[in-house]
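S.K.: Here it is, the structure, as structure tokens.
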Amino acid sequence: MLKLANQVLDAYDDVEREGLKKLAAIGPNINMMTPEQHKGLQDHQFALTVITKKASKLNKFPIDSLDNAWLSNQYFNMNCHKLPEGAAKIAAANIKYACERFSVEPLPAVAAFAGQCKVANNIFYEGSDNKPAAYNVQQVDLTKIAAVDDIANNTTHAQYAMKSPAHVKFAAKYFDEHHKAMPVETRHKYAAAVQLRARELGMPAEKGSVGKYASDHYSGMVDAHIRARLTLLNDESNREVLTKMAAMKSALAPADFAKALYSFDKKANLSRYYGSHLTDPFLSTFAAEPDPNPGRVKVGSTELNPDELKKIAVAKYSKVKEFFGPHFADEFKKDPSSIFESLPLDSKEIMAGILNGTH
């Protein structure tokens, strides 16, 4: 059963001001009512009046002024999923009316639910409808989400393209399906824009591919990925630069280090190895989800432990050399676990094949 009491639904429930802090980055200067002014509003000045099972009233989403209409429009867009469907339709219809009155553009969730309801009042009886409100993601304009460069490079466009939580979810799904076709640097910027927009809308951080390309934390395998790059460098000056970069990473935010590593890869002509010998710099730098089986690596249906990796490095040295070259084979023999962890999936599958004899 959906309970509406003690839920953060509108701006005046938000005592911690978490939503207001996020909206401050995108909204105009908005004046909040005082508690006394809020208490003084009439029932009809709210988009939703809930009559509880105990016959008390909960007034939500004030719409008496331009400021309150703007705030209720934003908060409904963030929190409509917390409402029963019937309550969402009633609130949306009244918020949309107020938006039109004060020349505020109704946000997608408001427009979607309002289109499903014609109401003469704002009253909802608690318990009369326990079906959770659901915003149909098919209403998201795919052409805006697919404007990858605009979202990646323009904060304002990202806010315009992802107007609601449903838009953010759709953009994350789009990234999961299409990120491999995007330029490497664009992958990071698009994912970071999706993650930032999620925070602005009061949503939990996105996981999946977005979480991998827009993390705020270093991976424990950064040094292994750097060593993998060193195995491919013959120029001593480039090796010196990369070694210095590795020593400086503690002074840099993960995103800044990943961008610097990407610039280095391009200059040193290492980007041609992405997807074969090297993992791209953003996945190399950012933390992945915790390993549920530390010490073992699963590749397809095969699990490899440190002893098996050492066996590949030593007993199968000639095969490793054949597929990856002598320099890599020598480095792999010195530190098989770390070097293996630094490899992209395709190369790990080759290693598993070398072990089981299919390569």
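To be explicit about the labels: the chains of the structure tokens are called A, B, and onward in the order shown, and within each one the residues are counted from 1, while ligands get numbers from 1 in the order they are shown.
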Could you find all residues in range 9-203 of chain A that DSSP calls strand (DSSP E) from the backbone, and write them as a PyMOL selection string?
M.R.: chain A and resi 46-51+57-62+123-125
S.K.: Export, as a PDB file, in the first residue's frame, the selected residues with N, CA and C atoms.
M.R.:
ATOM      1  N   PHE A  46      -4.058  24.213  -3.705  1.00  0.00           N
ATOM      2  CA  PHE A  46      -3.136  23.089  -3.869  1.00  0.00           C
ATOM      3  C   PHE A  46      -3.612  22.221  -5.025  1.00  0.00           C
ATOM      4  N   ALA A  47      -2.676  21.578  -5.692  1.00  0.00           N
ATOM      5  CA  ALA A  47      -3.036  20.688  -6.794  1.00  0.00           C
ATOM      6  C   ALA A  47      -3.667  19.394  -6.300  1.00  0.00           C
ATOM      7  N   LEU A  48      -3.393  19.035  -5.038  1.00  0.00           N
ATOM      8  CA  LEU A  48      -3.874  17.762  -4.510  1.00  0.00           C
ATOM      9  C   LEU A  48      -4.234  17.909  -3.038  1.00  0.00           C
ATOM     10  N   THR A  49      -5.449  17.493  -2.694  1.00  0.00           N
ATOM     11  CA  THR A  49      -5.870  17.394  -1.295  1.00  0.00           C
ATOM     12  C   THR A  49      -6.221  15.942  -1.024  1.00  0.00           C
ATOM     13  N   VAL A  50      -5.421  15.302  -0.164  1.00  0.00           N
ATOM     14  CA  VAL A  50      -5.635  13.897   0.160  1.00  0.00           C
ATOM     15  C   VAL A  50      -6.470  13.803   1.432  1.00  0.00           C
ATOM     16  N   ILE A  51      -7.584  13.100   1.354  1.00  0.00           N
ATOM     17  CA  ILE A  51      -8.383  12.797   2.543  1.00  0.00           C
ATOM     18  C   ILE A  51      -7.917  11.440   3.043  1.00  0.00           C
ATOM     19  N   LYS A  57      -6.525  15.827   6.468  1.00  0.00           N
ATOM     20  CA  LYS A  57      -6.210  16.306   5.123  1.00  0.00           C
ATOM     21  C   LYS A  57      -4.713  16.491   4.947  1.00  0.00           C
ATOM     22  N   LEU A  58      -4.233  16.110   3.772  1.00  0.00           N
ATOM     23  CA  LEU A  58      -2.864  16.405   3.363  1.00  0.00           C
ATOM     24  C   LEU A  58      -2.939  17.234   2.090  1.00  0.00           C
ATOM     25  N   ASN A  59      -2.497  18.489   2.177  1.00  0.00           N
ATOM     26  CA  ASN A  59      -2.479  19.357   0.999  1.00  0.00           C
ATOM     27  C   ASN A  59      -1.088  19.339   0.379  1.00  0.00           C
ATOM     28  N   LYS A  60      -1.022  19.029  -0.930  1.00  0.00           N
ATOM     29  CA  LYS A  60       0.256  18.884  -1.612  1.00  0.00           C
ATOM     30  C   LYS A  60       0.273  19.695  -2.904  1.00  0.00           C
ATOM     31  N   PHE A  61       1.470  20.151  -3.265  1.00  0.00           N
ATOM     32  CA  PHE A  61       1.730  20.866  -4.520  1.00  0.00           C
ATOM     33  C   PHE A  61       0.956  22.196  -4.609  1.00  0.00           C
ATOM     34  N   PRO A  62       1.400  23.199  -3.832  1.00  0.00           N
ATOM     35  CA  PRO A  62       0.727  24.503  -3.929  1.00  0.00           C
ATOM     36  C   PRO A  62       0.868  25.100  -5.324  1.00  0.00           C
ATOM     37  N   ILE A 123      -9.473  16.625  -5.003  1.00  0.00           N
ATOM     38  CA  ILE A 123      -9.607  15.698  -3.875  1.00  0.00           C
ATOM     39  C   ILE A 123      -9.300  14.261  -4.283  1.00  0.00           C
ATOM     40  N   PHE A 124      -8.484  13.603  -3.450  1.00  0.00           N
ATOM     41  CA  PHE A 124      -8.184  12.180  -3.612  1.00  0.00           C
ATOM     42  C   PHE A 124      -8.372  11.501  -2.260  1.00  0.00           C
ATOM     43  N   TYR A 125      -9.099  10.372  -2.256  1.00  0.00           N
ATOM     44  CA  TYR A 125      -9.350   9.634  -1.020  1.00  0.00           C
ATOM     45  C   TYR A 125      -8.312   8.521  -0.864  1.00  0.00           C
TER      46      TYR A 125
END
S.K.: Running DSSP on the backbone, which parts of range 56-104 of chain A land in alpha helix (DSSP H), as a PyMOL selection string?
M.R.: chain A and resi 66-79+85-102
S.K.: Once you count only C-alpha atoms, what closest atom pair and distance in Å to one decimal does each residue of range 39-118 of chain A within 9 Å of range 160-163 of chain A have, with rows by chain and rising residue number, as JSON lines?
M.R.:
{"residue": "A:Asn77", "atom": "CA", "partner": "A:Lys163", "partner_atom": "CA", "distance": 8.3}
{"residue": "A:Leu107", "atom": "CA", "partner": "A:Lys163", "partner_atom": "CA", "distance": 6.8}
{"residue": "A:Pro108", "atom": "CA", "partner": "A:Lys163", "partner_atom": "CA", "distance": 7.0}
{"residue": "A:Ala109", "atom": "CA", "partner": "A:Lys163", "partner_atom": "CA", "distance": 8.9}
S.K.: Could you pull the residues within 7 Å of range 331-337 of chain A, counting only C-alpha atoms, minus those fewer than 4 positions along the same chain, as a list in words?
M.R.: Thr231, Pro306, Leu309, Lys310, Ala313, Val314, His327 and Glu341 of chain A
S.K.: List the spatial neighbours of Asn238 in chain A as a compact mmCIF listing (two decimals) with N, CA and C atoms, in the first residue's frame - criterion: any atom at most 10 Å away, only C-alpha atoms, same-chain residues fewer than 3 positions off excluded.
M.R.:
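Output (out_33.txt):
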# COMPACT_ATOMS: atom_id res chain seq x y z
N LEU A 230 52.69 0.29 -20.66
CA LEU A 230 54.15 0.31 -20.71
C LEU A 230 54.71 -0.84 -21.55
N LEU A 233 55.06 0.27 -25.19
CA LEU A 233 55.84 1.47 -25.51
C LEU A 233 57.31 1.12 -25.69
N ASN A 234 57.84 1.49 -26.83
CA ASN A 234 59.27 1.30 -27.07
C ASN A 234 60.06 2.59 -26.87
N ASP A 235 59.37 3.72 -27.00
CA ASP A 235 60.02 5.02 -26.86
C ASP A 235 60.22 5.33 -25.38
N VAL A 241 57.14 9.62 -19.39
CA VAL A 241 55.96 10.47 -19.19
C VAL A 241 54.85 9.68 -18.50
N LEU A 242 54.60 8.46 -18.96
CA LEU A 242 53.53 7.65 -18.39
C LEU A 242 53.83 7.28 -16.94
N THR A 243 55.08 6.99 -16.65
CA THR A 243 55.46 6.67 -15.27
C THR A 243 55.24 7.87 -14.35
N LYS A 244 55.56 9.07 -14.83
CA LYS A 244 55.32 10.28 -14.04
C LYS A 244 53.83 10.51 -13.84
N PHE A 264 47.32 11.14 -23.51
CA PHE A 264 48.60 10.44 -23.67
C PHE A 264 48.47 9.31 -24.69
N ASP A 265 47.42 8.51 -24.56
CA ASP A 265 47.22 7.38 -25.48
C ASP A 265 47.18 7.85 -26.93
N LYS A 267 48.53 10.61 -28.23
CA LYS A 267 49.85 11.09 -28.64
C LYS A 267 50.83 9.94 -28.84
N ALA A 268 50.71 8.92 -28.00
CA ALA A 268 51.64 7.78 -28.08
C ALA A 268 51.14 6.70 -29.05
S.K.: Expressed in Å to a single decimal, how great is the separation between CA of Leu283 in chain A and CA of Lys212 in chain A?
M.R.: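 One can read the CA of Leu283 in chain A to CA of Lys212 in chain A distance as 6.5 Å.
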S.K.: For CA of Asp129 in chain A and CA of Val15 in chain A, quote the distance in Å rounded to one decimal.
M.R.: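 Distance reported for this atom pair: 27.4 Å.
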S.K.: As an exercise, work out the distance from CA of Ala352 in chain A to CA of Gly275 in chain A in Å and give it to one decimal place.
M.R.: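 CA of Ala352 in chain A sits 16.3 Å away from CA of Gly275 in chain A.
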S.K.: Would you mind listing what lies within 6 Å of range 343-347 of chain A as a list in words, with only C-alpha atoms counted and same-chain residues fewer than 6 positions away left out?
M.R.: Gly275, Ser276, Leu278 and Thr279 of chain A
S.K.: Could you save those same residues with C-alpha atoms as a short mmCIF file (atom, residue, chain, number, x, y, z; two decimals), in the first residue's frame?
M.R.:
data_model
loop_
_atom_site.label_atom_id
_atom_site.label_comp_id
_atom_site.auth_asym_id
_atom_site.auth_seq_id
_atom_site.Cartn_x
_atom_site.Cartn_y
_atom_site.Cartn_z
CA GLY A 275 39.50 -3.42 -27.39
CA SER A 276 42.47 -5.72 -28.02
CA LEU A 278 44.21 -2.22 -23.86
CA THR A 279 41.08 -1.12 -22.05
#
S.K.: Identify, on the basis of only C-alpha atoms, every residue whose closest approach to Pro254 in chain A does not exceed 10 Å; exclude the query and any residue fewer than 4 positions from it along the same chain; express the result as number ranges by chain.
M.R.: A: 214-219, 249-250, 258-260, 282, 285-287
S.K.: Find the residues around Asn29 in chain A up to 12 Å (only C-alpha atoms counted), leave out those fewer than 3 positions away in its own chain, and share them as a list in words.
M.R.: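 These residues fall inside the cut-off: Leu20, Leu23, Ala24, Ala25, Ile26, Met32, Leu66, Asp67, Asn68, Trp70 and Leu71 of chain A.
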S.K.: Take the residues from that selection and write them out as a JSON list (two decimals), in the first residue's frame, keeping N, CA and C atoms.
M.R.:
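Generated output (out_7.json):
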[["chain", "number", "residue", "atom", "x", "y", "z"],
["A", 20, "LEU", "N", 15.79, 21.16, -3.66],
["A", 20, "LEU", "CA", 15.97, 22.59, -3.93],
["A", 20, "LEU", "C", 17.40, 22.89, -4.34],
["A", 23, "LEU", "N", 17.69, 21.87, -7.93],
["A", 23, "LEU", "CA", 16.95, 22.76, -8.82],
["A", 23, "LEU", "C", 17.60, 24.13, -8.93],
["A", 24, "ALA", "N", 18.38, 24.51, -7.93],
["A", 24, "ALA", "CA", 19.04, 25.82, -7.97],
["A", 24, "ALA", "C", 19.96, 25.95, -9.17],
["A", 25, "ALA", "N", 20.47, 24.83, -9.66],
["A", 25, "ALA", "CA", 21.40, 24.86, -10.80],
["A", 25, "ALA", "C", 20.68, 25.12, -12.11],
["A", 26, "ILE", "N", 19.37, 24.86, -12.15],
["A", 26, "ILE", "CA", 18.66, 24.99, -13.43],
["A", 26, "ILE", "C", 17.51, 25.99, -13.39],
["A", 32, "MET", "N", 10.28, 31.04, -1.68],
["A", 32, "MET", "CA", 9.51, 30.04, -0.93],
["A", 32, "MET", "C", 8.58, 30.73, 0.07],
["A", 66, "LEU", "N", 3.12, 32.03, -9.27],
["A", 66, "LEU", "CA", 4.09, 31.61, -10.27],
["A", 66, "LEU", "C", 5.19, 30.76, -9.64],
["A", 67, "ASP", "N", 5.74, 31.22, -8.51],
["A", 67, "ASP", "CA", 6.83, 30.49, -7.85],
["A", 67, "ASP", "C", 6.38, 29.09, -7.45],
["A", 68, "ASN", "N", 5.22, 29.00, -6.83],
["A", 68, "ASN", "CA", 4.76, 27.68, -6.37],
["A", 68, "ASN", "C", 4.35, 26.77, -7.53],
["A", 70, "TRP", "N", 5.82, 26.76, -10.43],
["A", 70, "TRP", "CA", 7.09, 26.28, -10.99],
["A", 70, "TRP", "C", 7.65, 25.16, -10.11],
["A", 71, "LEU", "N", 7.64, 25.37, -8.79],
["A", 71, "LEU", "CA", 8.17, 24.36, -7.87],
["A", 71, "LEU", "C", 7.35, 23.07, -7.92]]
S.K.: May I ask which of the residues A:Ile95, A:Val168, A:Leu83, A:Ala69 is the closest one to Leu142 in chain A, counting only C-alpha atoms?
M.R.: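 Counting only C-alpha atoms, the residue closest to Leu142 in chain A is A:Val168.
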